[in-house]
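Undergrad: Supplied structure: upload16.txt, compact mmCIF, C-alpha atoms.
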# COMPACT_ATOMS: atom_id res chain seq x y z
CA MET A 195 135.60 -61.53 -19.90
CA THR A 196 131.86 -61.83 -20.56
CA THR A 197 129.15 -60.87 -18.11
CA THR A 198 127.67 -63.80 -16.17
CA ALA A 199 123.96 -64.35 -16.77
CA VAL A 200 121.62 -64.04 -13.79
CA ARG A 201 118.66 -66.41 -13.55
CA PRO A 202 115.46 -66.01 -11.48
CA THR A 203 115.81 -66.93 -7.82
CA ASP A 204 113.28 -69.06 -5.94
CA ASP A 205 113.18 -69.59 -2.16
CA SER A 206 115.45 -72.65 -2.19
CA ARG A 207 117.94 -70.87 -4.42
CA ARG A 208 117.83 -67.85 -2.12
CA ASP A 209 118.60 -70.06 0.89
CA LYS A 210 121.52 -71.62 -0.97
CA LEU A 211 122.89 -68.19 -1.87
CA LEU A 212 122.64 -67.01 1.72
CA GLY A 213 124.42 -70.21 2.73
CA GLY A 214 127.18 -69.18 0.33
CA ILE A 215 127.70 -65.97 2.31
CA ALA A 216 128.03 -67.99 5.53
CA ALA A 217 130.48 -70.34 3.81
CA LEU A 218 132.51 -67.38 2.57
CA ARG A 219 132.71 -66.00 6.11
CA ALA A 220 133.93 -69.38 7.34
CA GLU A 221 136.61 -69.57 4.64
CA VAL A 222 137.91 -66.07 5.40
CA ALA A 223 138.07 -67.01 9.09
CA LYS A 224 140.76 -69.56 8.17
CA THR A 225 143.23 -66.72 7.64
CA ILE A 226 141.69 -63.74 9.48
CA VAL A 227 141.15 -63.80 13.24
CA GLY A 228 138.56 -61.35 14.53
CA GLN A 229 137.55 -58.31 12.45
CA GLU A 230 134.03 -59.73 12.00
CA GLU A 231 132.51 -56.26 11.80
CA VAL A 232 134.99 -55.19 9.10
CA LEU A 233 134.30 -58.37 7.11
CA ASP A 234 130.54 -57.80 7.36
CA GLU A 235 130.91 -54.24 6.07
CA ILE A 236 133.03 -55.39 3.12
CA LEU A 237 130.43 -58.02 2.25
CA MET A 238 127.60 -55.49 2.57
CA ALA A 239 129.39 -53.14 0.16
CA VAL A 240 130.00 -55.96 -2.33
CA LEU A 241 126.41 -57.24 -2.13
CA ALA A 242 125.11 -53.69 -2.61
CA GLY A 243 127.22 -53.46 -5.78
CA GLY A 244 129.53 -50.78 -4.41
CA HIS A 245 133.20 -50.22 -3.65
CA ALA A 246 134.83 -49.96 -0.24
CA LEU A 247 137.77 -48.03 1.21
CA LEU A 248 139.54 -49.69 4.14
CA VAL A 249 141.35 -47.24 6.41
CA GLY A 250 143.69 -48.46 9.13
CA VAL A 251 147.26 -48.40 10.35
CA PRO A 252 149.75 -50.95 8.98
CA GLY A 253 149.66 -54.49 10.28
CA LEU A 254 145.89 -54.89 10.70
CA ALA A 255 145.52 -57.44 7.86
CA LYS A 256 143.61 -55.15 5.50
CA THR A 257 145.32 -56.52 2.40
CA LEU A 258 145.21 -60.10 3.67
CA MET A 259 141.48 -59.82 4.33
CA ILE A 260 140.82 -58.63 0.78
CA ARG A 261 143.02 -61.41 -0.63
CA SER A 262 141.13 -63.96 1.50
CA ILE A 263 137.76 -62.72 0.25
CA ALA A 264 139.03 -62.93 -3.33
CA SER A 265 140.28 -66.48 -2.72
CA ALA A 266 136.84 -67.50 -1.43
CA MET A 267 135.20 -66.45 -4.71
CA HIS A 268 135.51 -67.87 -8.23
CA LEU A 269 136.46 -64.44 -9.55
CA GLU A 270 139.45 -62.87 -11.26
CA PHE A 271 141.51 -60.89 -8.77
CA ARG A 272 144.16 -58.26 -9.46
CA ARG A 273 146.24 -56.18 -7.08
CA ILE A 274 147.54 -52.73 -7.98
CA GLN A 275 150.22 -51.34 -5.69
CA PHE A 276 149.77 -47.58 -5.81
CA THR A 277 153.07 -45.66 -5.87
CA PRO A 278 154.00 -42.05 -6.75
CA ASP A 279 155.29 -43.10 -10.19
CA LEU A 280 152.14 -45.03 -11.18
CA VAL A 281 150.48 -43.60 -14.31
CA PRO A 282 146.88 -44.08 -15.56
CA SER A 283 147.90 -46.55 -18.30
CA ASP A 284 149.38 -48.80 -15.59
CA ILE A 285 145.78 -49.24 -14.40
CA THR A 286 143.60 -49.12 -17.49
CA GLY A 287 146.04 -50.46 -20.10
CA THR A 288 147.88 -49.07 -23.09
CA GLU A 289 148.00 -49.35 -26.88
CA MET A 290 150.96 -51.28 -28.24
CA MET A 291 152.35 -51.44 -31.78
CA GLU A 292 152.50 -55.02 -33.06
CA GLU A 293 153.85 -56.38 -36.31
CA ASP A 294 152.28 -59.34 -38.09
CA GLN A 295 155.06 -61.89 -38.62
CA ALA A 296 153.60 -63.10 -41.91
CA THR A 297 152.62 -59.83 -43.61
CA HIS A 298 154.86 -57.45 -41.64
CA ALA A 299 151.83 -55.16 -41.32
CA ARG A 300 151.81 -53.05 -38.22
CA ALA A 301 148.77 -52.27 -36.11
CA PHE A 302 147.94 -51.05 -32.65
CA ARG A 303 146.62 -53.52 -30.06
CA PHE A 304 145.20 -52.50 -26.71
CA ALA A 305 146.85 -54.38 -23.84
CA ARG A 306 144.35 -54.47 -21.00
CA GLY A 307 145.49 -53.29 -17.60
CA PRO A 308 144.81 -54.85 -14.20
CA VAL A 309 141.51 -52.97 -13.82
CA PHE A 310 139.98 -55.58 -16.15
CA ALA A 311 139.21 -57.99 -13.33
CA ASN A 312 136.27 -58.75 -11.05
CA ILE A 313 138.01 -57.79 -7.80
CA VAL A 314 140.61 -55.03 -7.88
CA LEU A 315 142.70 -54.33 -4.79
CA ALA A 316 143.96 -50.75 -4.88
CA ASP A 317 146.65 -51.00 -2.24
CA GLU A 318 147.60 -47.70 -0.54
CA ILE A 319 145.51 -45.74 -3.03
CA ASN A 320 146.57 -42.37 -1.58
CA ARG A 321 150.21 -42.91 -2.63
CA ALA A 322 149.47 -42.29 -6.32
CA PRO A 323 149.00 -38.77 -7.76
CA PRO A 324 145.45 -37.47 -8.41
CA ARG A 325 145.55 -38.13 -12.17
CA THR A 326 146.23 -41.81 -11.55
CA GLN A 327 143.62 -42.03 -8.80
CA ALA A 328 141.08 -40.51 -11.18
CA ALA A 329 141.74 -43.20 -13.80
CA LEU A 330 140.64 -45.89 -11.35
CA LEU A 331 137.75 -43.90 -9.91
CA GLU A 332 136.33 -43.24 -13.40
CA ALA A 333 136.32 -46.99 -14.03
CA MET A 334 134.60 -47.49 -10.66
CA GLN A 335 131.82 -45.10 -11.60
CA GLU A 336 131.28 -46.03 -15.25
CA HIS A 337 132.27 -49.74 -15.20
CA HIS A 338 134.07 -49.26 -18.49
CA VAL A 339 137.37 -48.00 -19.91
CA THR A 340 137.73 -45.86 -23.04
CA ALA A 341 140.95 -46.00 -25.06
CA GLY A 342 141.61 -44.98 -28.64
CA GLY A 343 137.96 -43.98 -29.05
CA VAL A 344 136.77 -47.48 -28.11
CA THR A 345 134.72 -48.11 -24.95
CA MET A 346 135.39 -51.48 -23.32
CA PRO A 347 133.15 -52.75 -20.53
CA LEU A 348 134.68 -54.10 -17.36
CA PRO A 349 133.76 -57.63 -16.27
CA GLU A 350 130.77 -58.09 -13.99
CA PRO A 351 130.64 -58.33 -11.09
CA PHE A 352 133.21 -55.57 -10.67
CA PHE A 353 134.23 -53.94 -7.43
CA VAL A 354 137.23 -52.13 -6.03
CA LEU A 355 138.51 -52.62 -2.49
CA ALA A 356 141.06 -49.93 -1.67
CA THR A 357 143.31 -49.54 1.37
CA GLN A 358 144.66 -46.38 2.92
CA ASN A 359 147.05 -45.66 5.79
CA PRO A 360 145.69 -42.77 7.90
CA ILE A 361 148.89 -41.86 9.74
CA GLU A 362 151.49 -41.38 7.01
CA GLN A 363 151.23 -38.03 5.22
CA GLU A 364 154.63 -37.69 3.50
CA GLY A 365 154.48 -38.83 -0.10
CA THR A 366 150.70 -39.20 -0.14
CA TYR A 367 147.93 -37.57 -2.16
CA PRO A 368 144.70 -37.65 -0.12
CA LEU A 369 141.61 -38.49 -2.14
CA PRO A 370 139.44 -35.42 -2.84
CA GLU A 371 135.95 -35.52 -1.34
CA ALA A 372 134.33 -35.84 -4.78
CA GLN A 373 136.37 -38.97 -5.42
CA LEU A 374 135.82 -40.37 -1.93
CA ASP A 375 132.10 -40.17 -2.68
CA ARG A 376 132.57 -42.95 -5.25
CA PHE A 377 133.14 -45.39 -2.40
CA LEU A 378 129.93 -46.81 -0.99
CA PHE A 379 131.57 -47.48 2.40
CA ASP A 380 134.50 -46.02 4.30
CA ILE A 381 135.46 -48.90 6.61
CA ARG A 382 137.66 -48.26 9.62
CA VAL A 383 139.93 -51.12 10.68
CA GLY A 384 140.86 -50.76 14.34
CA TYR A 385 143.24 -52.50 16.71
CA PRO A 386 142.07 -55.89 18.05
CA ASP A 387 141.26 -56.37 21.71
CA GLU A 388 143.58 -58.40 23.93
CA ALA A 389 141.82 -61.76 23.49
CA VAL A 390 141.74 -61.43 19.70
CA GLU A 391 145.37 -60.31 19.58
CA LEU A 392 146.41 -63.42 21.52
CA SER A 393 144.40 -65.55 19.07
CA ILE A 394 146.22 -63.85 16.20
CA LEU A 395 149.57 -64.73 17.74
CA ARG A 396 148.53 -68.37 18.16
CA ALA A 397 147.23 -68.61 14.61
CA THR A 398 150.12 -66.87 12.85
CA THR A 399 153.17 -68.20 14.67
CA GLY A 400 152.43 -71.92 14.33
CA ALA A 401 151.95 -74.21 11.37
CA VAL A 402 150.59 -72.57 8.22
CA GLY A 403 146.84 -73.12 7.98
CA ALA A 404 144.72 -73.96 4.97
CA ALA A 405 144.05 -71.25 2.42
CA PRO A 406 140.43 -70.23 1.79
CA ALA A 407 138.61 -72.35 -0.77
CA ALA A 408 136.43 -70.75 -3.45
CA VAL A 409 132.80 -71.14 -2.39
CA LEU A 410 130.96 -68.39 -4.31
CA THR A 411 130.84 -67.86 -8.08
CA GLY A 412 130.46 -64.67 -10.05
CA GLY A 413 126.98 -65.68 -11.16
CA GLU A 414 125.93 -66.30 -7.56
CA LEU A 415 127.30 -62.93 -6.50
CA LEU A 416 125.32 -61.23 -9.27
CA GLU A 417 122.20 -63.05 -8.06
CA LEU A 418 122.86 -61.84 -4.52
CA GLN A 419 123.29 -58.28 -5.78
CA ARG A 420 119.94 -58.59 -7.56
CA LEU A 421 118.34 -59.94 -4.39
CA VAL A 422 119.60 -56.88 -2.50
CA ARG A 423 117.85 -54.63 -5.03
CA GLU A 424 114.64 -56.63 -4.59
CA ILE A 425 114.57 -56.23 -0.79
CA PRO A 426 111.66 -53.82 -0.18
CA ALA A 427 112.28 -50.45 1.46
CA SER A 428 109.20 -48.68 2.76
CA GLU A 429 108.42 -45.05 2.02
CA PRO A 430 109.12 -44.07 5.67
CA LEU A 431 112.54 -45.75 5.42
CA LEU A 432 113.35 -43.85 2.22
CA ARG A 433 112.31 -40.62 3.95
CA TYR A 434 114.55 -41.51 6.91
CA ALA A 435 117.53 -42.04 4.59
CA ALA A 436 116.88 -38.72 2.86
CA SER A 437 116.46 -36.95 6.23
CA LEU A 438 119.79 -38.31 7.52
CA ALA A 439 121.64 -37.28 4.37
CA ARG A 440 120.04 -33.81 4.33
CA ALA A 441 120.72 -33.33 8.05
CA THR A 442 124.49 -33.45 7.36
CA ARG A 443 124.32 -30.22 5.32
CA PRO A 444 124.98 -26.92 7.12
CA ALA A 445 122.35 -25.12 5.04
CA ASN A 446 119.66 -27.36 6.55
CA ALA A 447 120.97 -27.26 10.14
CA ARG A 448 120.40 -25.01 13.12
CA PRO A 449 123.42 -22.73 13.75
CA ASP A 450 123.82 -24.12 17.28
CA SER A 451 123.77 -27.79 16.19
CA LEU A 452 126.93 -29.86 15.64
CA VAL A 453 126.39 -29.73 11.89
CA GLY A 454 125.81 -25.98 11.95
CA LYS A 455 128.94 -25.35 14.02
CA TYR A 456 131.43 -27.90 12.73
CA VAL A 457 130.53 -29.07 9.20
CA ARG A 458 131.82 -27.34 6.08
CA TRP A 459 130.18 -29.63 3.52
CA GLY A 460 127.65 -32.38 4.04
CA ALA A 461 126.71 -35.53 2.17
CA GLY A 462 125.18 -35.42 -1.32
CA PRO A 463 122.28 -37.46 -2.73
CA ARG A 464 124.57 -40.44 -3.33
CA ALA A 465 124.71 -40.85 0.46
CA GLY A 466 120.97 -41.53 0.62
CA GLN A 467 121.32 -44.17 -2.09
CA ALA A 468 124.18 -45.79 -0.18
CA LEU A 469 122.19 -45.78 3.07
CA VAL A 470 119.26 -47.58 1.45
CA LEU A 471 121.39 -50.11 -0.46
CA GLY A 472 123.56 -50.77 2.60
CA ALA A 473 120.44 -51.30 4.74
CA LYS A 474 119.04 -53.73 2.16
CA ALA A 475 122.33 -55.66 2.04
CA HIS A 476 122.42 -55.87 5.85
CA ALA A 477 118.83 -57.13 5.93
CA LEU A 478 119.60 -59.78 3.30
CA MET A 479 122.67 -60.99 5.18
CA ALA A 480 120.49 -61.30 8.30
CA GLY A 481 117.96 -63.36 6.35
CA ARG A 482 115.15 -60.80 6.63
CA ALA A 483 112.64 -60.06 3.87
CA ALA A 484 112.61 -56.27 4.27
CA ALA A 485 114.94 -53.49 5.36
CA ALA A 486 114.26 -51.74 8.68
CA PRO A 487 115.44 -48.48 10.25
CA ALA A 488 117.84 -50.51 12.42
CA ASP A 489 119.54 -51.80 9.25
CA LEU A 490 119.96 -48.25 8.00
CA ARG A 491 121.38 -47.08 11.32
CA ARG A 492 123.88 -49.96 11.21
CA VAL A 493 125.41 -48.66 7.98
CA ALA A 494 125.21 -44.93 8.79
CA HIS A 495 128.83 -44.60 9.93
CA PRO A 496 130.56 -46.32 6.98
CA VAL A 497 128.25 -44.49 4.55
CA LEU A 498 128.50 -40.98 6.00
CA ARG A 499 131.92 -40.61 7.66
CA HIS A 500 133.79 -39.87 4.43
CA ARG A 501 131.01 -37.65 3.10
CA ILE A 502 131.07 -35.15 5.97
CA LEU A 503 133.78 -32.51 5.69
CA THR A 504 134.43 -30.79 9.03
CA ASN A 505 135.87 -27.30 9.52
CA PHE A 506 138.82 -25.96 11.50
CA ALA A 507 136.71 -25.44 14.60
CA ALA A 508 135.89 -29.16 14.65
CA GLU A 509 139.58 -30.05 14.39
CA ALA A 510 140.48 -27.63 17.18
CA GLU A 511 137.77 -28.95 19.50
CA GLY A 512 138.18 -32.64 18.67
CA VAL A 513 134.79 -33.04 16.98
CA THR A 514 134.91 -35.92 14.49
CA PRO A 515 132.53 -37.03 11.73
CA GLU A 516 131.73 -40.05 13.92
CA SER A 517 130.51 -37.89 16.78
CA ILE A 518 128.44 -35.83 14.35
CA ILE A 519 126.86 -38.99 12.92
CA ASP A 520 126.10 -40.23 16.45
CA ASP A 521 124.36 -36.91 17.16
CA LEU A 522 122.32 -37.18 13.97
CA LEU A 523 121.24 -40.72 14.82
CA ARG A 524 119.98 -39.38 18.15
CA THR A 525 118.22 -36.32 16.79
CA VAL A 526 116.81 -37.33 13.39
CA GLU A 527 113.55 -39.12 14.04
CA ALA A 528 113.44 -42.70 12.75
CA PRO A 529 110.24 -44.40 11.59
CA LYS A 530 108.70 -46.86 14.02
CA SER A 531 109.68 -50.50 13.58
CA ASP A 532 109.54 -53.61 15.77
CA ILE A 533 112.69 -55.07 14.17
CA ARG A 534 115.80 -54.96 16.37
CA ILE A 535 119.29 -56.01 15.31
Represent the supplied structure as structure tokens.

TA:
Amino acid sequence: MTTTAVRPTDDSRRDKLLGGIAALRAEVAKTIVGQEEVLDEILMAVLAGGHALLVGVPGLAKTLMIRSIASAMHLEFRRIQFTPDLVPSDITGTEMMEEDQATHARAFRFARGPVFANIVLADEINRAPPRTQAALLEAMQEHHVTAGGVTMPLPEPFFVLATQNPIEQEGTYPLPEAQLDRFLFDIRVGYPDEAVELSILRATTGAVGAAPAAVLTGGELLELQRLVREIPASEPLLRYAASLARATRPANARPDSLVGKYVRWGAGPRAGQALVLGAKAHALMAGRAAAAPADLRRVAHPVLRHRILTNFAAEAEGVTPESIIDDLLRTVEAPKSDIRI
């Protein structure tokens, strides 16, 4: 698949692209009831050009939401069901011996695996062994696959949406922290409230509704990703992102602070990049021309929660990465801004 060209974007084109995001939300709402915050975080990750990990117990429509998003885009979608017997070639592809029927000459041909798609759903990613996980995560980082000494680029746009069940441990291989860092966002999918759960029952036990229609093309998504990059971020905002990321590291913390007492390893420089890109994506989705500290604070939890490794004392005392992030948002000084979200 060839890369879609991106053309310059004027104001009217920008408005049309932002309308495409609203239309995509509306199409996904045909099959998904509630979960607006989760949907927004997935879209922010996609617009920022990153990958997202969805963590939640079974039955919360994680896979259905990803399928619905894929259906609302004119993009190639592949699903990979991760299992203990999955091997790297099941993801990236394998070389096959073929014989020419006319000349009977034999030659190797590379059969491309399901990773050669625009949207890849890695379902239950923690069920495959580390070697197989690494094959996908390398493709996520490099956006290409190398086989037989030949490097083949993946189609653009390319993003991976992975799911993970947090409660089942038997037969799973948790992602190492270095590999988790490849995901821009760690998105937590929680239980719906009572009103939403009743709406789910009404929507899913009656007549089958219409499937989402494709409303956004690959070229338009690439334009939106470029627009995110063009959203300005002030020097104070960049300093705020760096301060938040650095504040997660025990070496930079006071011994009596939550980070000093309960964190084993903090977030690396990639966290600061994710904070800025996530803030820009959130600002774009809100129709604003610049990113503000409030945008950055909105994405702090999905960016940082999987990049903070707590110690045994935190586990014993019930201190979670979320509570540590909340404390950092209270204590790390944000630049002044009159924008509220």

Undergrad: Please determine, counting only C-alpha atoms, which residue among A:Arg207, A:Arg306, A:Arg321, A:Arg464 has the shortest atom-to-atom distance to A:Tyr367.

TA: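 Comparing A:Arg207, A:Arg306, A:Arg321, A:Arg464 against A:Tyr367, the winner is A:Arg321.
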
Undergrad: Between A:Leu233, A:Ala329, A:Ala264, A:Val249, which has the minimum distance to A:Leu410 (counting all atoms listed in the file)?

TA: A:Ala264

Undergrad: Kindly indicate which residue among A:Met479, A:Ala242, A:Val493, A:Ile285 lies nearest to A:Gly213, using only C-alpha atoms for the distances.

TA: A:Met479

Undergrad: Point out the residue among A:Val232, A:Ile518, A:Ala301, A:Leu330 with the least atom-to-atom distance to A:Ser451, counting only C-alpha atoms.

TA: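 Between A:Val232, A:Ile518, A:Ala301, A:Leu330, the residue approaching A:Ser451 most closely is A:Ile518.
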
Undergrad: Of the residues A:Ala305, A:Ile313, A:Gln358, A:Asp380, which is the one nearest to A:Met346, using all atoms listed in the file?

TA: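 Closest residue, counting all atoms listed in the file: A:Ala305.
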
Undergrad: Work out where the centre of an axis-aligned box around every listed atom of stretch 381-396 of chain A lies and how long its edges are once 8 Å is added on each side; give both in Å to one decimal as lines of an AutoDock Vina configuration file.

TA:
center_x = 142.5
center_y = -58.3
center_z = 15.3
size_x = 30.1
size_y = 36.1
size_z = 33.3

Undergrad: Need to verify the contact set: A:His337, 9 Å, only C-alpha atoms, exclusion of same-chain residues closer than 5 positions in sequence. Can you return it as a list in words?

TA: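 Those residues are Glu332, Met346, Pro347, Leu348, Pro349, Glu350 and Phe352 of chain A.
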
Undergrad: Counting all atoms listed in the file, figure out which residue out of A:Leu369, A:Leu416, A:Leu478, A:Val281 gets nearest to A:Asp234.

TA: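 Looking at the shortest contact to A:Asp234, the residue is A:Leu478.
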
Undergrad: Find the spatial neighbours of A:Pro386, counting all atoms listed in the file, within a cut-off of 8 Å - ignore same-chain residues fewer than 4 positions away - and output them as a PyMOL selection string.

TA: chain A and resi 228-229+390-391

Undergrad: Interatomic distance between atom CA of A:Thr442 and atom CA of A:Pro323?

TA: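 Those two atoms sit 29.3 Å apart.
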
Undergrad: Which residues are near A:Phe276? Cut-off 9 Å, all atoms listed in the file, ignore same chain within fewer than 4 positions. Put them as a list of chain:residue names.

TA: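 Result of the neighbour search: A:Leu280, A:Ala316, A:Asp317, A:Glu318, A:Ile319, A:Asn320, A:Arg321, A:Ala322, A:Thr326, A:Gln327.
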
Undergrad: Identify, on the basis of all atoms listed in the file, every residue whose closest approach to A:Arg443 does not exceed 12 Å; exclude the query and any residue fewer than 2 positions from it along the same chain; express the result as a count of residues only.

TA: 33

Undergrad: Hey, what's within 6 Å of A:Ile381 if we count only C-alpha atoms and toss same-chain stuff fewer than 4 positions away? As a PDB file with C-alpha atoms, in the frame of the given file, please?

TA:
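And here is the file that came out, part36.pdb:
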ATOM      1  CA  LEU A 247     137.770 -48.030   1.210  1.00  0.00           C
ATOM      2  CA  LEU A 248     139.540 -49.690   4.140  1.00  0.00           C
ATOM      3  CA  PRO A 496     130.560 -46.320   6.980  1.00  0.00           C
TER       4      PRO A 496
END

Undergrad: Work out how far atom CA of A:Gly307 is from atom CA of A:Glu289, in Å to one decimal.

TA: 10.4 Å

Undergrad: Show me, as a tab-separated table, the residues of stretch 243-337 of chain A having an atom within 12 Å of stretch 216-227 of chain A, each with the closest atom pair and its distance in Å, using all atoms listed in the file.

TA:
residue	atom	partner	partner_atom	distance
A:Leu254	CA	A:Ile226	CA	9.9
A:Ala255	CA	A:Ile226	CA	7.5
A:Lys256	CA	A:Ile226	CA	9.7
A:Thr257	CA	A:Ile226	CA	10.7
A:Leu258	CA	A:Ile226	CA	7.7
A:Met259	CA	A:Ile226	CA	6.5
A:Ile260	CA	A:Val222	CA	9.2
A:Arg261	CA	A:Val222	CA	9.2
A:Ser262	CA	A:Val222	CA	5.5
A:Ile263	CA	A:Val222	CA	6.1
A:Ala264	CA	A:Val222	CA	9.3
A:Ser265	CA	A:Val222	CA	8.5
A:Ala266	CA	A:Leu218	CA	5.9
A:Met267	CA	A:Leu218	CA	7.8
A:His268	CA	A:Leu218	CA	11.2

Undergrad: Write the residues of the preceding selection, restricted to C-alpha atoms, as an mmCIF file, in the coordinates of the input.

TA:
data_model
loop_
_atom_site.group_PDB
_atom_site.id
_atom_site.type_symbol
_atom_site.label_atom_id
_atom_site.label_comp_id
_atom_site.auth_asym_id
_atom_site.auth_seq_id
_atom_site.Cartn_x
_atom_site.Cartn_y
_atom_site.Cartn_z
ATOM 1 C CA LEU A 254 145.890 -54.890 10.700
ATOM 2 C CA ALA A 255 145.520 -57.440 7.860
ATOM 3 C CA LYS A 256 143.610 -55.150 5.500
ATOM 4 C CA THR A 257 145.320 -56.520 2.400
ATOM 5 C CA LEU A 258 145.210 -60.100 3.670
ATOM 6 C CA MET A 259 141.480 -59.820 4.330
ATOM 7 C CA ILE A 260 140.820 -58.630 0.780
ATOM 8 C CA ARG A 261 143.020 -61.410 -0.630
ATOM 9 C CA SER A 262 141.130 -63.960 1.500
ATOM 10 C CA ILE A 263 137.760 -62.720 0.250
ATOM 11 C CA ALA A 264 139.030 -62.930 -3.330
ATOM 12 C CA SER A 265 140.280 -66.480 -2.720
ATOM 13 C CA ALA A 266 136.840 -67.500 -1.430
ATOM 14 C CA MET A 267 135.200 -66.450 -4.710
ATOM 15 C CA HIS A 268 135.510 -67.870 -8.230
#

Undergrad: With N, CA and C atoms as the target, complete stretch 425-439 of chain A and hand it back as a PDB file, in the coordinates of the input.

TA:
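To be explicit, this is the file written out as selection-v8.pdb:
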ATOM      1  N   ILE A 425     115.017 -56.394  -2.178  1.00  0.00           N
ATOM      2  CA  ILE A 425     114.570 -56.230  -0.790  1.00  0.00           C
ATOM      3  C   ILE A 425     113.727 -54.953  -0.710  1.00  0.00           C
ATOM      4  N   PRO A 426     112.491 -55.035  -0.215  1.00  0.00           N
ATOM      5  CA  PRO A 426     111.660 -53.820  -0.180  1.00  0.00           C
ATOM      6  C   PRO A 426     112.132 -52.826   0.870  1.00  0.00           C
ATOM      7  N   ALA A 427     112.021 -51.549   0.527  1.00  0.00           N
ATOM      8  CA  ALA A 427     112.280 -50.450   1.460  1.00  0.00           C
ATOM      9  C   ALA A 427     111.039 -49.579   1.483  1.00  0.00           C
ATOM     10  N   SER A 428     110.447 -49.425   2.638  1.00  0.00           N
ATOM     11  CA  SER A 428     109.200 -48.680   2.760  1.00  0.00           C
ATOM     12  C   SER A 428     109.415 -47.201   2.500  1.00  0.00           C
ATOM     13  N   GLU A 429     108.336 -46.495   2.225  1.00  0.00           N
ATOM     14  CA  GLU A 429     108.420 -45.050   2.020  1.00  0.00           C
ATOM     15  C   GLU A 429     108.967 -44.336   3.250  1.00  0.00           C
ATOM     16  N   PRO A 430     108.523 -44.708   4.489  1.00  0.00           N
ATOM     17  CA  PRO A 430     109.120 -44.070   5.670  1.00  0.00           C
ATOM     18  C   PRO A 430     110.631 -44.307   5.782  1.00  0.00           C
ATOM     19  N   LEU A 431     111.105 -45.492   5.358  1.00  0.00           N
ATOM     20  CA  LEU A 431     112.540 -45.750   5.420  1.00  0.00           C
ATOM     21  C   LEU A 431     113.291 -44.881   4.409  1.00  0.00           C
ATOM     22  N   LEU A 432     112.719 -44.712   3.215  1.00  0.00           N
ATOM     23  CA  LEU A 432     113.350 -43.850   2.220  1.00  0.00           C
ATOM     24  C   LEU A 432     113.404 -42.407   2.731  1.00  0.00           C
ATOM     25  N   ARG A 433     112.333 -41.971   3.389  1.00  0.00           N
ATOM     26  CA  ARG A 433     112.310 -40.620   3.950  1.00  0.00           C
ATOM     27  C   ARG A 433     113.358 -40.473   5.054  1.00  0.00           C
ATOM     28  N   TYR A 434     113.548 -41.540   5.837  1.00  0.00           N
ATOM     29  CA  TYR A 434     114.550 -41.510   6.910  1.00  0.00           C
ATOM     30  C   TYR A 434     115.949 -41.380   6.321  1.00  0.00           C
ATOM     31  N   ALA A 435     116.218 -42.130   5.245  1.00  0.00           N
ATOM     32  CA  ALA A 435     117.530 -42.040   4.590  1.00  0.00           C
ATOM     33  C   ALA A 435     117.758 -40.629   4.043  1.00  0.00           C
ATOM     34  N   ALA A 436     116.743 -40.070   3.396  1.00  0.00           N
ATOM     35  CA  ALA A 436     116.880 -38.720   2.860  1.00  0.00           C
ATOM     36  C   ALA A 436     117.066 -37.701   3.992  1.00  0.00           C
ATOM     37  N   SER A 437     116.344 -37.890   5.098  1.00  0.00           N
ATOM     38  CA  SER A 437     116.460 -36.950   6.230  1.00  0.00           C
ATOM     39  C   SER A 437     117.857 -36.988   6.831  1.00  0.00           C
ATOM     40  N   LEU A 438     118.432 -38.200   6.968  1.00  0.00           N
ATOM     41  CA  LEU A 438     119.790 -38.310   7.520  1.00  0.00           C
ATOM     42  C   LEU A 438     120.804 -37.631   6.607  1.00  0.00           C
ATOM     43  N   ALA A 439     120.691 -37.884   5.310  1.00  0.00           N
ATOM     44  CA  ALA A 439     121.640 -37.280   4.370  1.00  0.00           C
ATOM     45  C   ALA A 439     121.494 -35.753   4.372  1.00  0.00           C
TER      46      ALA A 439
END
